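S.K.: One file: run_39.txt (compact mmCIF, C-alpha atoms).
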```
# COMPACT_ATOMS: atom_id res chain seq x y z
CA MET A 1 109.46 128.46 100.52
CA ASN A 2 112.73 126.58 100.60
CA LYS A 3 112.67 123.47 102.81
CA THR A 4 115.70 122.21 104.66
CA ARG A 5 116.99 118.69 104.15
CA THR A 6 115.71 117.81 107.63
CA GLN A 7 112.21 119.01 106.75
CA LEU A 8 112.26 117.09 103.47
CA LEU A 9 113.44 113.90 105.19
CA GLU A 10 110.67 114.32 107.76
CA GLN A 11 108.18 114.44 104.89
CA VAL A 12 109.73 111.35 103.28
CA LEU A 13 109.53 109.41 106.54
CA ASN A 14 105.92 110.47 107.14
CA HIS A 15 104.95 109.31 103.65
CA LEU A 16 106.84 106.04 104.06
CA GLY A 17 105.00 105.54 107.35
CA TYR A 18 101.67 106.00 105.58
CA ILE A 19 102.65 103.51 102.88
CA SER A 20 103.87 101.04 105.50
CA ARG A 21 100.59 101.29 107.42
CA SER A 22 98.64 100.79 104.20
CA ILE A 23 100.63 97.67 103.41
CA SER A 24 100.14 96.39 106.96
CA ALA A 25 96.36 96.57 106.79
CA PRO A 26 94.81 95.12 109.97
CA HIS A 27 92.48 92.82 108.05
CA GLY A 28 95.41 90.79 106.77
CA PHE A 29 95.75 89.02 103.45
CA SER A 30 93.52 86.11 102.45
CA PHE A 31 95.14 82.93 101.22
CA GLY A 32 92.18 80.77 100.29
CA ASP A 33 90.29 80.29 103.54
CA LEU A 34 93.31 81.42 105.58
CA VAL A 35 94.09 84.99 106.60
CA LEU A 36 97.72 86.00 107.07
CA THR A 37 98.97 88.99 109.01
CA LYS A 38 101.73 91.21 107.62
CA PRO A 39 104.49 89.44 109.64
CA GLN A 40 103.15 86.04 108.55
CA ILE A 41 103.07 86.99 104.87
CA THR A 42 106.57 88.47 105.19
CA ILE A 43 107.87 85.20 106.67
CA PHE A 44 105.97 83.19 104.05
CA PHE A 45 107.65 85.13 101.21
CA PHE A 46 111.08 85.09 102.85
CA VAL A 47 110.93 81.32 103.33
CA GLY A 48 109.49 80.85 99.84
CA HIS A 49 112.46 82.63 98.27
CA HIS A 50 114.94 80.28 99.99
CA GLN A 51 114.68 76.80 98.50
CA ASP A 52 116.90 75.28 101.20
CA GLY A 53 114.81 76.87 103.95
CA VAL A 54 115.90 79.35 106.58
CA SER A 55 116.80 79.20 110.24
CA VAL A 56 114.92 80.94 113.02
CA LYS A 57 118.04 83.05 113.57
CA GLU A 58 118.03 84.20 109.91
CA LEU A 59 114.35 85.08 110.14
CA ALA A 60 114.86 87.00 113.39
CA ARG A 61 117.72 88.97 111.85
CA PHE A 62 115.67 89.71 108.72
CA LEU A 63 112.61 90.87 110.72
CA ASN A 64 114.70 92.56 113.40
CA VAL A 65 112.86 90.73 116.19
CA THR A 66 113.76 88.10 118.77
CA LYS A 67 113.99 84.41 117.96
CA GLY A 68 111.10 83.90 120.41
CA ALA A 69 108.87 86.22 118.40
CA VAL A 70 109.76 84.39 115.19
CA THR A 71 108.98 81.06 116.82
CA GLN A 72 105.47 82.28 117.64
CA PHE A 73 104.89 83.36 114.04
CA ILE A 74 106.26 80.06 112.76
CA ASP A 75 104.02 78.08 115.13
CA THR A 76 100.99 79.80 113.63
CA LEU A 77 102.19 79.16 110.08
CA VAL A 78 102.82 75.48 110.93
CA GLU A 79 99.25 75.24 112.27
CA LYS A 80 98.01 76.72 108.97
CA ASN A 81 100.04 74.12 107.01
CA LEU A 82 102.13 76.79 105.28
CA VAL A 83 105.59 76.05 106.69
CA LYS A 84 107.28 73.09 108.32
CA ARG A 85 110.33 72.57 110.47
CA GLU A 86 113.00 70.21 109.20
CA GLU A 87 116.29 69.09 110.65
CA ASP A 88 119.25 70.92 109.12
CA ALA A 89 121.26 68.53 106.94
CA ARG A 90 124.59 70.00 108.12
CA ASP A 91 123.78 70.52 111.81
CA ARG A 92 121.19 68.30 113.48
CA ARG A 93 120.85 70.79 116.35
CA LEU A 94 119.32 73.35 113.99
CA GLN A 95 115.99 73.42 112.24
CA ARG A 96 115.30 74.78 108.77
CA ILE A 97 111.95 76.38 108.04
CA THR A 98 110.59 75.47 104.60
CA LEU A 99 107.28 75.80 102.80
CA THR A 100 104.94 72.84 102.92
CA GLU A 101 104.04 71.17 99.61
CA PHE A 102 100.61 72.83 99.90
CA ALA A 103 102.16 76.30 100.25
CA ALA A 104 104.95 75.75 97.70
CA SER A 105 102.45 74.72 95.02
CA ARG A 106 100.60 78.00 95.51
CA PHE A 107 103.52 80.31 96.26
CA ASP A 108 103.69 82.11 92.90
CA GLN A 109 99.91 82.51 92.77
CA VAL A 110 99.75 83.95 96.29
CA LYS A 111 102.70 86.28 95.67
CA LYS A 112 101.11 87.62 92.49
CA ALA A 113 97.72 88.16 94.19
CA TYR A 114 99.35 89.87 97.19
CA TYR A 115 101.35 92.34 95.10
CA LEU A 116 98.36 92.99 92.85
CA SER A 117 96.27 93.82 95.94
CA LEU A 118 98.86 96.46 96.94
CA SER A 119 99.49 97.88 93.47
CA LYS A 120 96.61 100.36 93.90
CA LEU A 121 98.87 102.34 96.22
CA PHE A 122 100.99 103.25 93.21
CA ASP A 123 98.25 104.01 90.66
CA ALA A 124 99.08 107.74 90.84
CA LEU A 125 102.58 107.05 89.45
CA THR A 126 103.53 106.54 85.82
CA ASP A 127 105.63 103.53 84.85
CA GLU A 128 108.66 105.81 84.59
CA GLU A 129 108.03 107.18 88.08
CA VAL A 130 107.73 103.65 89.45
CA GLU A 131 111.09 102.81 87.81
CA GLN A 132 112.61 105.91 89.39
CA LEU A 133 111.15 104.99 92.79
CA VAL A 134 112.59 101.48 92.51
CA SER A 135 115.98 102.94 91.60
CA LEU A 136 115.92 105.33 94.57
CA LEU A 137 114.83 102.62 97.01
CA GLU A 138 117.54 100.26 95.70
CA LYS A 139 120.09 103.01 96.25
CA LEU A 140 118.92 103.41 99.85
CA SER A 141 118.91 99.65 100.40
CA MET A 142 122.43 99.28 99.05
CA SER A 143 123.61 102.17 101.19
CA ASP A 144 122.05 100.59 104.29
CA ALA A 145 123.56 97.19 103.49
CA ALA A 146 127.00 98.75 103.02
CA ASN A 147 126.74 100.64 106.32
CA SER A 148 125.67 97.56 108.29
CA CYS A 149 128.70 95.48 107.23
```
Could I get this structure in the form of structure tokens?

M.R.:
Amino acid sequence: MNKTRTQLLEQVLNHLGYISRSISAPHGFSFGDLVLTKPQITIFFFVGHHQDGVSVKELARFLNVTKGAVTQFIDTLVEKNLVKREEDARDRRLQRITLTEFAASRFDQVKKAYYLSLSKLFDALTDEEVEQLVSLLEKLSMSDAANSC
């Protein structure tokens, strides 16, 4: 049976949906005695990869949500002592979100543990297949970035 491109893309999207749901497990991810939800861990990693911090606007654009939604996530992360708000050095009206010293000192350890916890999803693939998957996903990401400019 020969499948059409539309049918194949439907299969791809269904499988990506499954993988996405698996990554977004409802139990969250444990960080010591703290549990982080998928949006919280996403913000934690995004902030952690930006040494100068990020603005609420940048986070909202990255997550494709409103600034109000980001503020709620940030409030929870501030309460958990994982991020802090700092005045922007160039524009005092803006705030930069950065990792706390507590979070920064554990960032690499948490990132490694998080990705290790998800690596089981890819146990059925060989190393070569994982490389091919990365290459294909990079191609899609670059295509999307080029189309959004």

S.K.: Between atom CA of Ile97 of chain A and atom CA of Ser119 of chain A, what is the spacing in Å?

M.R.: 28.8 Å

S.K.: Please measure the separation of atom CA of Glu86 of chain A and atom CA of Phe46 of chain A, giving the value in Å to one decimal.

M.R.: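 Atom CA of Glu86 of chain A sits 16.3 Å away from atom CA of Phe46 of chain A.
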
S.K.: Return the single residue from A:Gln95, A:Ala104, A:Leu63, A:Ser22 that is closest to Asn81 of chain A, with distances computed using all atoms listed in the file.

M.R.: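 Using all atoms listed in the file, Asn81 of chain A sits closest to A:Ala104.
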
S.K.: Determine, counting all atoms listed in the file, which protein, DNA and RNA residues have an atom within 12 Å of an atom of Lys120 of chain A; residues of the same chain fewer than 5 positions away are not included. Present the result as a list of chain:residue names.

M.R.: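 The neighbour list is A:Ile19, A:Ser22, A:Ile23, A:Tyr114, A:Tyr115, A:Leu125.
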
S.K.: Store the residues picked out above, limited to C-alpha atoms, as a PDB file, keeping the file's coordinate frame.

M.R.:
```pdb
ATOM      1  CA  ILE A  19     102.650 103.510 102.880  1.00  0.00           C
ATOM      2  CA  SER A  22      98.640 100.790 104.200  1.00  0.00           C
ATOM      3  CA  ILE A  23     100.630  97.670 103.410  1.00  0.00           C
ATOM      4  CA  TYR A 114      99.350  89.870  97.190  1.00  0.00           C
ATOM      5  CA  TYR A 115     101.350  92.340  95.100  1.00  0.00           C
ATOM      6  CA  LEU A 125     102.580 107.050  89.450  1.00  0.00           C
TER       7      LEU A 125
END
```

S.K.: Quick one: of A:His50, A:Leu137, A:Lys80, A:Thr42, who's nearest to Phe62 of chain A, counting all atoms listed in the file?

M.R.: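 Nearest to Phe62 of chain A: A:Thr42.
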
S.K.: What is the distance between atom CA of Gln109 of chain A and atom CA of Phe31 of chain A, in Å to one decimal?

M.R.: 9.7 Å

S.K.: Which of these residues is nearest to Leu77 of chain A, using all atoms listed in the file: A:Leu133, A:Leu9, A:Ile41, A:Ala60?

M.R.: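 Nearest candidate to Leu77 of chain A out of A:Leu133, A:Leu9, A:Ile41, A:Ala60: A:Ile41.
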
S.K.: When distances are computed from all atoms listed in the file, which of A:Val130, A:Leu136, A:Leu8, A:Leu59 shows the smallest separation from Phe44 of chain A?

M.R.: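 Closest residue, counting all atoms listed in the file: A:Leu59.
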
S.K.: My list of candidates is A:Ala69, A:Val47, A:Val54, A:Asp91. Which is closest to Ala103 of chain A when distances are computed with only C-alpha atoms?

M.R.: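 Under the stated criterion, the closest residue is A:Val47.
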
S.K.: Which residue gives the smallest distance to Gly28 of chain A among A:Leu99, A:Met142, A:Ala89, A:Leu118, with all atoms listed in the file counted?

M.R.: A:Leu118

S.K.: Using all atoms listed in the file, which protein or nucleic acid residues come within 10 Å of Gly32 of chain A? Drop anything in the same chain fewer than 3 positions from it, and give the result as a ChimeraX atom specification.

M.R.: /A:29,35,110

S.K.: Hey, can you spit out that residue selection with C-alpha atoms as a short mmCIF file (atom, residue, chain, number, x, y, z; two decimals), keeping the file's coordinate frame?

M.R.:
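Contents of part.cif, as written:
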```
data_model
loop_
_atom_site.label_atom_id
_atom_site.label_comp_id
_atom_site.auth_asym_id
_atom_site.auth_seq_id
_atom_site.Cartn_x
_atom_site.Cartn_y
_atom_site.Cartn_z
CA PHE A 29 95.75 89.02 103.45
CA VAL A 35 94.09 84.99 106.60
CA VAL A 110 99.75 83.95 96.29
#
```
